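Novice: Compact mmCIF, C-alpha atoms, saved as upload_30.txt, coming up:
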# COMPACT_ATOMS: atom_id res chain seq x y z
CA MET A 1 129.59 84.27 129.50
CA LYS A 2 129.02 81.01 127.63
CA SER A 3 129.37 78.96 130.81
CA LEU A 4 126.83 81.21 132.54
CA LYS A 5 124.36 80.65 129.72
CA LEU A 6 124.94 76.89 129.87
CA PHE A 7 124.46 76.93 133.64
CA SER A 8 121.20 78.89 133.29
CA PHE A 9 119.94 76.50 130.63
CA ILE A 10 120.80 73.40 132.69
CA SER A 11 119.16 74.92 135.81
CA LEU A 12 116.00 75.75 133.91
CA ALA A 13 115.86 72.35 132.23
CA SER A 14 116.37 70.57 135.59
CA LEU A 15 113.62 72.64 137.18
CA LEU A 16 111.28 71.81 134.31
CA VAL A 17 112.03 68.08 134.51
CA LEU A 18 111.52 68.21 138.29
CA PHE A 19 108.11 69.84 137.89
CA LEU A 20 106.97 67.60 135.05
CA SER A 21 107.93 64.44 136.89
CA CYS A 22 105.66 65.34 139.84
CA LYS A 23 102.42 63.40 139.67
CA LYS A 24 99.57 63.06 142.14
CA ASP A 25 98.63 59.47 142.96
CA THR A 26 95.17 58.76 141.49
CA THR A 27 94.77 55.17 142.75
CA ASN A 28 91.45 54.70 144.58
CA SER A 29 90.38 58.21 143.67
CA LYS A 30 87.13 56.88 142.20
CA THR A 31 86.09 54.84 145.24
CA ASP A 32 87.22 57.65 147.58
CA LEU A 33 85.03 60.15 145.75
CA THR A 34 82.10 57.71 145.74
CA LEU A 35 82.39 57.32 149.51
CA GLU A 36 82.59 61.09 149.90
CA MET A 37 79.39 61.55 147.91
CA LEU A 38 77.51 58.62 149.41
CA ALA A 39 78.25 58.78 153.12
CA ASP A 40 76.45 60.60 155.92
CA LYS A 41 73.32 61.07 153.87
CA ILE A 42 69.85 59.59 153.76
CA TRP A 43 68.95 58.55 150.22
CA TYR A 44 65.27 58.47 149.36
CA LEU A 45 63.95 56.28 146.55
CA ASN A 46 62.23 58.49 143.97
CA TYR A 47 61.71 56.14 141.05
CA GLU A 48 62.02 52.44 140.26
CA GLN A 49 62.33 51.35 136.64
CA ASN A 50 61.82 47.80 135.48
CA ASP A 51 61.92 47.39 131.72
CA SER A 52 59.89 50.36 130.57
CA VAL A 53 57.69 50.58 133.68
CA THR A 54 58.47 53.43 136.05
CA ASN A 55 57.08 53.54 139.57
CA THR A 56 57.17 56.89 141.33
CA TYR A 57 57.72 57.22 145.09
CA ILE A 58 58.69 60.89 145.36
CA SER A 59 55.92 62.03 147.67
CA SER A 60 55.40 58.82 149.62
CA ASN A 61 58.95 58.32 151.01
CA ALA A 62 58.29 54.60 150.59
CA TYR A 63 61.91 53.61 151.03
CA TYR A 64 65.11 55.22 152.22
CA ILE A 65 68.62 53.99 153.02
CA LYS A 66 71.27 55.62 155.16
CA PHE A 67 75.02 55.23 154.58
CA LEU A 68 77.44 56.43 157.26
CA LYS A 69 81.15 57.26 157.08
CA ASP A 70 81.97 54.39 159.45
CA LYS A 71 80.79 52.03 156.66
CA THR A 72 77.56 51.08 158.42
CA THR A 73 74.14 51.24 156.81
CA GLU A 74 70.50 50.96 157.73
CA ASP A 75 67.31 51.27 155.73
CA SER A 76 63.61 51.87 156.23
CA ASP A 77 62.90 48.12 156.02
CA GLY A 78 64.93 47.57 159.19
CA LEU A 79 68.08 46.17 157.58
CA VAL A 80 71.20 47.06 159.59
CA GLY A 81 74.72 46.16 158.53
CA THR A 82 77.86 47.27 156.77
CA TYR A 83 78.71 48.28 153.25
CA SER A 84 81.78 48.57 151.03
CA ILE A 85 82.51 50.20 147.71
CA GLU A 86 84.63 48.63 145.03
CA GLU A 87 85.38 49.08 141.37
CA LEU A 88 84.96 46.01 139.20
CA ASN A 89 85.55 46.07 135.44
CA GLY A 90 85.29 49.83 135.44
CA LYS A 91 81.95 49.80 137.28
CA LEU A 92 81.46 50.98 140.84
CA GLN A 93 79.54 48.73 143.18
CA ILE A 94 78.01 48.92 146.66
CA ASN A 95 78.19 45.63 148.56
CA VAL A 96 75.85 45.43 151.55
CA THR A 97 75.97 42.78 154.28
CA ALA A 98 73.09 43.22 156.72
CA LYS A 99 70.66 41.58 159.10
CA THR A 100 66.91 41.81 158.85
CA VAL A 101 64.67 42.63 161.84
CA ASN A 102 64.35 38.85 162.29
CA MET A 103 68.19 38.64 162.43
CA ASN A 104 68.45 36.85 159.10
CA SER A 105 71.60 37.63 157.16
CA ILE A 106 71.27 39.21 153.76
CA THR A 107 73.87 40.20 151.22
CA TYR A 108 73.32 42.14 148.03
CA THR A 109 75.28 44.14 145.47
CA HIS A 110 74.04 47.14 143.57
CA THR A 111 75.87 48.67 140.65
CA ILE A 112 76.34 52.44 140.77
CA GLU A 113 75.19 53.76 137.41
CA THR A 114 75.90 57.32 138.46
CA ILE A 115 76.37 59.15 141.76
CA GLY A 116 76.43 62.81 142.69
CA GLU A 117 76.12 65.04 145.73
CA LYS A 118 72.32 64.94 145.46
CA LYS A 119 71.31 62.27 142.93
CA MET A 120 72.23 58.60 142.65
CA VAL A 121 71.20 55.82 140.30
CA LEU A 122 71.73 52.17 141.30
CA SER A 123 70.84 49.02 139.40
CA TYR A 124 70.65 45.30 139.96
CA THR A 125 69.41 42.22 138.18
CA PRO A 126 67.08 40.12 140.36
CA SER A 127 68.02 36.45 140.52
CA GLY A 128 66.30 34.42 137.86
CA GLN A 129 65.58 37.48 135.74
CA THR A 130 67.37 39.00 132.80
CA SER A 131 65.99 42.51 132.91
CA LYS A 132 67.65 45.12 135.06
CA VAL A 133 65.93 47.08 137.82
CA THR A 134 67.08 50.67 138.12
CA LEU A 135 66.65 52.68 141.33
CA PHE A 136 66.72 56.46 141.36
CA TYR A 137 67.61 58.06 144.71
CA SER A 138 67.95 61.63 145.84
CA ILE A 139 68.59 63.40 149.13
CA LYS A 140 66.03 65.87 150.46
CA MET B 1 135.74 179.17 138.68
CA LYS B 2 132.90 177.48 140.30
CA LYS B 3 130.71 177.23 137.17
CA PRO B 4 133.05 175.09 135.01
CA PHE B 5 133.65 172.84 137.99
CA LEU B 6 129.92 172.43 138.49
CA PHE B 7 129.50 171.76 134.79
CA LEU B 8 132.22 169.10 134.88
CA LYS B 9 130.63 167.49 137.90
CA ILE B 10 127.18 167.32 136.21
CA LEU B 11 128.79 165.99 133.01
CA ALA B 12 130.67 163.33 134.95
CA ILE B 13 127.50 162.22 136.75
CA PHE B 14 125.55 162.15 133.45
CA ILE B 15 128.26 160.15 131.68
CA LEU B 16 128.51 157.81 134.62
CA PHE B 17 124.75 157.33 134.73
CA PHE B 18 124.44 156.92 130.99
CA GLN B 19 127.28 154.45 130.88
CA THR B 20 125.74 152.44 133.70
CA ALA B 21 122.37 152.41 131.96
CA VAL B 22 123.90 151.37 128.62
CA TYR B 23 126.02 148.75 130.31
CA SER B 24 123.08 147.30 132.18
CA GLN B 25 120.97 147.13 129.00
CA THR B 26 123.58 145.56 126.84
CA ASN B 27 125.29 143.23 129.24
CA VAL B 28 122.38 141.73 131.19
CA PRO B 29 120.76 139.42 128.65
CA LYS B 30 117.05 138.62 128.62
CA LYS B 31 115.86 135.09 129.37
CA LYS B 32 115.09 134.63 125.72
CA ASP B 33 118.70 135.25 124.94
CA ILE B 34 119.89 132.74 127.51
CA ALA B 35 117.93 129.85 126.03
CA PRO B 36 119.78 128.50 123.05
CA LEU B 37 117.84 128.37 119.82
CA VAL B 38 118.83 124.80 119.13
CA PRO B 39 118.91 122.39 122.06
CA PRO B 40 122.27 120.83 122.56
CA VAL B 41 122.45 117.28 121.29
CA ALA B 42 124.05 115.02 123.82
CA VAL B 43 126.44 112.75 122.09
CA LYS B 44 126.47 109.48 123.96
CA PRO B 45 129.67 107.60 123.85
CA VAL B 46 129.29 104.13 122.38
CA THR B 47 129.64 101.77 125.31
CA LYS B 48 129.84 98.02 125.62
CA ILE B 49 126.15 97.91 126.71
CA ASP B 50 125.08 99.59 123.47
CA GLN B 51 127.11 97.12 121.48
CA ARG B 52 125.64 94.12 123.24
CA GLY B 53 122.13 95.43 123.79
CA LYS B 54 120.44 96.05 127.11
CA THR B 55 118.89 93.71 129.70
CA GLU B 56 116.58 94.89 132.45
CA LEU B 57 114.89 93.13 135.33
CA SER B 58 111.39 94.24 136.32
CA LEU B 59 108.88 93.20 138.92
CA PHE B 60 105.22 93.08 138.08
CA GLY B 61 101.79 92.44 139.54
CA SER B 62 98.51 91.99 137.76
CA MET B 63 94.85 91.19 138.14
CA SER B 64 93.35 88.55 135.89
CA LEU B 65 89.94 87.48 134.71
CA SER B 66 89.65 83.80 133.77
CA ASN B 67 87.23 81.38 132.21
CA GLN B 68 87.70 77.68 131.52
CA GLN B 69 85.87 75.65 128.90
CA ILE B 70 85.44 72.00 129.88
CA ASP B 71 84.63 69.18 127.47
CA ASP B 72 83.76 66.01 129.42
CA LYS B 73 82.31 63.93 126.58
CA SER B 74 85.12 61.36 126.62
CA ILE B 75 84.70 60.24 130.21
CA ASP B 76 82.27 57.73 131.70
CA GLY B 77 79.20 58.87 133.57
CA SER B 78 79.94 57.38 137.00
CA PHE B 79 79.56 60.79 138.60
CA ASN B 80 77.01 63.48 138.13
CA TYR B 81 76.89 67.15 139.04
CA ILE B 82 73.88 69.38 138.63
CA TYR B 83 74.74 71.53 135.64
CA ASP B 84 73.32 74.79 136.93
CA GLU B 85 75.28 74.48 140.18
CA VAL B 86 78.69 74.01 138.58
CA ASN B 87 78.34 75.99 135.37
CA SER B 88 78.82 79.73 135.91
CA ASN B 89 80.11 80.57 132.41
CA SER B 90 81.61 83.84 133.63
CA TYR B 91 85.03 85.37 134.12
CA LYS B 92 86.33 85.40 137.70
CA SER B 93 89.17 87.42 139.11
CA GLY B 94 92.56 86.18 140.24
CA TYR B 95 96.01 87.67 140.54
CA THR B 96 99.57 87.19 139.35
CA GLY B 97 103.00 88.33 140.49
CA GLY B 98 106.50 87.76 139.26
CA PHE B 99 109.38 89.23 137.40
CA SER B 100 110.34 89.76 133.82
CA ILE B 101 113.67 90.00 132.06
CA ASP B 102 113.45 92.40 129.14
CA ARG B 103 116.16 92.44 126.54
CA THR B 104 116.79 94.96 123.80
CA THR B 105 119.28 93.78 121.21
CA LYS B 106 121.79 96.03 119.48
CA LYS B 107 119.45 95.93 116.49
CA LYS B 108 116.74 97.44 118.75
CA ARG B 109 114.65 94.31 118.86
CA HIS B 110 112.77 93.71 122.11
CA PHE B 111 112.23 90.38 123.86
CA GLY B 112 110.92 89.38 127.26
CA ILE B 113 111.08 86.35 129.52
CA ILE B 114 108.46 86.29 132.27
CA LEU B 115 108.47 84.07 135.35
CA SER B 116 105.41 84.28 137.52
CA LEU B 117 103.23 82.77 140.20
CA ASN B 118 99.53 82.80 139.32
CA ARG B 119 96.42 82.38 141.40
CA ILE B 120 93.78 81.53 138.82
CA ILE B 121 90.12 81.67 139.77
CA ALA B 122 88.06 80.74 136.75
CA GLY B 123 84.43 80.67 135.79
CA ASN B 124 83.37 77.28 134.39
CA ASN B 125 81.80 76.72 131.02
CA TYR B 126 80.78 73.07 130.57
CA LEU B 127 80.19 72.22 126.94
CA ASN B 128 78.08 69.10 127.49
CA LYS B 129 74.82 68.55 129.33
CA TYR B 130 73.50 65.09 130.18
CA SER B 131 70.11 63.96 131.38
CA VAL B 132 69.46 61.18 133.89
CA ALA B 133 65.76 60.61 133.20
CA PRO B 134 63.36 60.45 134.97
CA PHE B 135 65.29 62.96 137.14
CA VAL B 136 64.50 66.47 136.05
CA GLY B 137 67.41 68.71 135.08
CA LYS B 138 70.76 68.55 133.35
CA PHE B 139 74.02 67.13 134.63
CA THR B 140 77.73 67.09 133.88
CA HIS B 141 80.05 64.15 134.50
CA TYR B 142 83.04 66.12 135.74
CA LYS B 143 83.66 68.93 138.17
CA ALA B 144 86.80 70.85 137.36
CA ASP B 145 88.74 72.78 139.98
CA ASN B 146 88.29 76.44 139.34
CA GLN B 147 90.79 77.79 141.87
CA ILE B 148 94.32 76.75 141.04
CA THR B 149 97.84 78.01 141.56
CA THR B 150 100.40 77.75 138.78
CA VAL B 151 103.98 78.71 138.08
CA SER B 152 104.52 79.94 134.59
CA ILE B 153 107.19 80.90 132.15
CA ALA B 154 106.60 83.00 129.05
CA ALA B 155 108.77 84.10 126.14
CA HIS B 156 107.55 87.18 124.29
CA ILE B 157 108.65 89.17 121.32
CA LYS B 158 107.80 92.85 121.64
CA PRO B 159 107.68 94.75 118.36
CA ILE B 160 107.16 98.50 118.82
CA LEU B 161 103.77 99.79 117.69
CA ALA B 162 104.32 103.45 118.54
CA ASN B 163 107.58 105.13 119.51
CA GLY B 164 107.14 108.59 121.04
CA VAL B 165 109.71 110.80 122.75
CA LYS B 166 108.61 109.73 126.21
CA HIS B 167 106.15 106.92 125.57
CA LYS B 168 106.38 103.60 123.79
CA LEU B 169 103.71 101.10 122.89
CA TYR B 170 104.66 97.49 122.29
CA LEU B 171 102.76 94.57 120.81
CA ILE B 172 103.24 91.35 122.78
CA LEU B 173 103.32 87.95 121.12
CA GLY B 174 104.57 84.58 122.24
CA PRO B 175 104.00 81.29 124.02
CA SER B 176 103.76 80.61 127.73
CA PHE B 177 103.58 77.52 129.91
CA ASP B 178 101.64 77.11 133.16
CA TYR B 179 102.33 74.23 135.53
CA ARG B 180 99.86 73.59 138.31
CA ILE B 181 101.33 73.40 141.83
CA SER B 182 98.15 73.45 143.93
CA ASN B 183 96.40 70.35 145.22
CA PHE B 184 93.69 68.57 143.28
CA SER B 185 90.23 68.14 144.73
CA SER B 186 88.80 64.64 144.89
CA HIS B 187 86.34 65.66 142.15
CA SER B 188 88.99 66.65 139.67
CA LEU B 189 91.34 63.80 140.53
CA VAL B 190 88.87 61.27 139.09
CA ASN B 191 89.53 60.94 135.35
CA ASN B 192 92.65 63.04 135.84
CA SER B 193 96.25 62.01 135.29
CA GLY B 194 97.28 63.66 138.56
CA ARG B 195 99.11 66.55 136.98
CA SER B 196 98.03 69.53 135.03
CA ALA B 197 99.69 72.04 132.73
CA PHE B 198 98.62 74.54 130.13
CA VAL B 199 100.35 75.63 126.95
CA ASN B 200 99.22 79.16 126.13
CA GLY B 201 99.38 81.58 123.27
CA ASP B 202 99.80 85.15 124.52
CA LEU B 203 98.75 88.34 122.80
CA GLY B 204 98.79 91.81 124.31
CA ALA B 205 100.09 95.32 124.51
CA GLU B 206 102.48 97.17 126.81
CA PHE B 207 102.66 100.90 127.39
CA ASP B 208 106.02 102.23 128.57
CA ASN B 209 105.72 105.58 130.33
CA ASN B 210 109.15 107.11 129.90
CA GLY B 211 110.79 104.14 131.61
CA TYR B 212 109.09 104.89 134.94
CA TYR B 213 106.64 102.02 134.69
CA ILE B 214 104.94 99.77 132.14
CA LEU B 215 101.22 99.20 131.99
CA PHE B 216 100.25 95.99 130.25
CA ALA B 217 97.21 94.04 129.09
CA HIS B 218 97.66 90.43 128.03
CA TYR B 219 95.25 87.83 126.72
CA LYS B 220 96.23 84.18 127.17
CA LEU B 221 94.50 81.23 125.56
CA GLY B 222 95.68 77.92 127.00
CA GLN B 223 95.11 74.24 126.41
CA GLU B 224 95.47 71.53 129.05
CA ILE B 225 98.08 69.01 127.89
CA PHE B 226 98.22 66.19 130.45
CA ASN B 227 94.54 65.17 130.45
CA PRO B 228 93.45 64.45 126.88
CA ASP B 229 90.15 62.87 128.02
CA ILE B 230 88.99 66.16 129.51
CA PRO B 231 90.22 68.95 127.29
CA VAL B 232 90.13 72.15 129.32
CA ARG B 233 90.66 75.44 127.52
CA LEU B 234 91.61 78.32 129.77
CA SER B 235 91.29 81.93 128.63
CA ARG B 236 92.64 84.79 130.71
CA PHE B 237 92.84 88.56 130.56
CA GLU B 238 95.62 90.12 132.62
CA VAL B 239 96.02 93.80 133.38
CA GLY B 240 98.94 94.97 135.45
CA ILE B 241 101.91 97.19 136.10
CA SER B 242 105.61 96.49 135.81
CA ILE B 243 108.39 98.50 137.45
CA LYS B 244 112.13 98.16 136.94
CA ALA B 245 113.87 96.43 139.83
CA LYS B 246 116.64 99.06 139.94
CA ASP B 247 113.99 101.74 140.57
CA LEU B 248 112.55 99.78 143.47
CA PHE B 249 115.69 98.66 145.27
Go through the file and emit its structure as structure tokens.
Specialist:
Amino acid sequence: MKSLKLFSFISLASLLVLFLSCKKDTTNSKTDLTLEMLADKIWYLNYEQNDSVTNTYISSNAYYIKFLKDKTTEDSDGLVGTYSIEELNGKLQINVTAKTVNMNSITYTHTIETIGEKKMVLSYTPSGQTSKVTLFYSIK
Amino acid sequence: MKKPFLFLKILAIFILFFQTAVYSQTNVPKKKDIAPLVPPVAVKPVTKIDQRGKTELSLFGSMSLSNQQIDDKSIDGSFNYIYDEVNSNSYKSGYTGGFSIDRTTKKKRHFGIILSLNRIIAGNNYLNKYSVAPFVGKFTHYKADNQITTVSIAAHIKPILANGVKHKLYLILGPSFDYRISNFSSHSLVNNSGRSAFVNGDLGAEFDNNGYYILFAHYKLGQEIFNPDIPVRLSRFEVGISIKAKDLF
């Protein structure tokens, strides 16, 4: 009877250890989710904030940018190229390498302040400036 | 000569009839007489089972209503979810099945070990709302999975509340442990350690109908233990039926 109890206890303990040692790999989960939320959508610029000035573009559709799952991008200004997402110092970034309509190469990086299924906020600091420009996008 | 003979014959028939009537009245008892006034008390021999207590295996199934409370204030705001789309703040129904091992000690104390598989579908109650001005509306920074599968183990003490001739009512108290075995969505995997478990406190009642079946109602309040940055509190009501395995098979 005692050996049966010991066997039951060891079996239960082993099962518990087995379960508790299982762990889902969470590496790249942040960039994967960002790609999932970003891709295959057209993002329309709603607001642009520079210091305390806010410009509104909701009704005019002044600018939009499209990100596809195959890591290509194009925008309403005619820029066509590729993009990548990376996490740097805990901040997510979108790196875009594109060509203008005149076939000039252009590269820029925007920091992802926050991203969702329908709303996204990007920011960047223009060269030679100290104040940050914040861009508010949404899908229609 | 004929008269005394006739008289004897009539007398014999009368005596015979009378005797039969008396015999039938006195010797055929009424039903009332058959039933004993005091029911016989069955004296059970003391067996080894009585000395050691009694262990019984039962199978059970139950329906559950669940709600999870999510506190996402400790995580960064890299992701946003529209609050009204993810926050239902309701109880949603799931189901549970498993078996229990009930033990009655020789001192008539009752204990139970429950092993079960749970499909939990929970309504979400997000405690924090964030704004991303100038966007209109409120947001959360985390989207918790609300459909999960767990395996659980519970240990209950079952003091008797009411002990009738045929019915018993037990109070249920004790801890339980739920370990998640279903996959994580990409939303919940961010800011998540990659594993999830709940430690619960259980409170409830069980109604034993003459040993044929047990109806039970349990309330479980659980706390997520592997993800301290996103404390999730899960509350569940379970209502179900339990039947002894020996009665089923």
Novice: Using all atoms listed in the file, which of the listed residues (A:Asp77, A:Asp51, A:Glu36, A:Glu86) sits closest to chain B?
Specialist: A:Glu36
Novice: So which residues fall inside 12 Å of (80.8, 50.1, 152.9) if we count all atoms listed in the file? Mind giving them as a PyMOL selection string?
Specialist: chain A and resi 31-32+34-36+38-40+66-74+81-86+93-98+108-110
Novice: At a cut-off of 12 Å, using all atoms listed in the file, what residues contact A:Tyr44? Leave out same-chain residues fewer than 5 positions from it and give the result as a PyMOL selection string.
Specialist: chain A and resi 56-67+75-76+118-121+135-140
Novice: Could you check how far atom CA of B:Leu115 sits from atom CA of B:Leu203, in Å to one decimal?
Specialist: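 Interatomic distance, atom CA of B:Leu115 to atom CA of B:Leu203: 16.4 Å.
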Novice: Taking only C-alpha atoms into account, name the residue in B:Leu171, B:Val136, B:Val239, B:Ile148 that is nearest to B:Phe198.
Specialist: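 Among B:Leu171, B:Val136, B:Val239, B:Ile148, it is B:Ile148 that comes nearest to B:Phe198.
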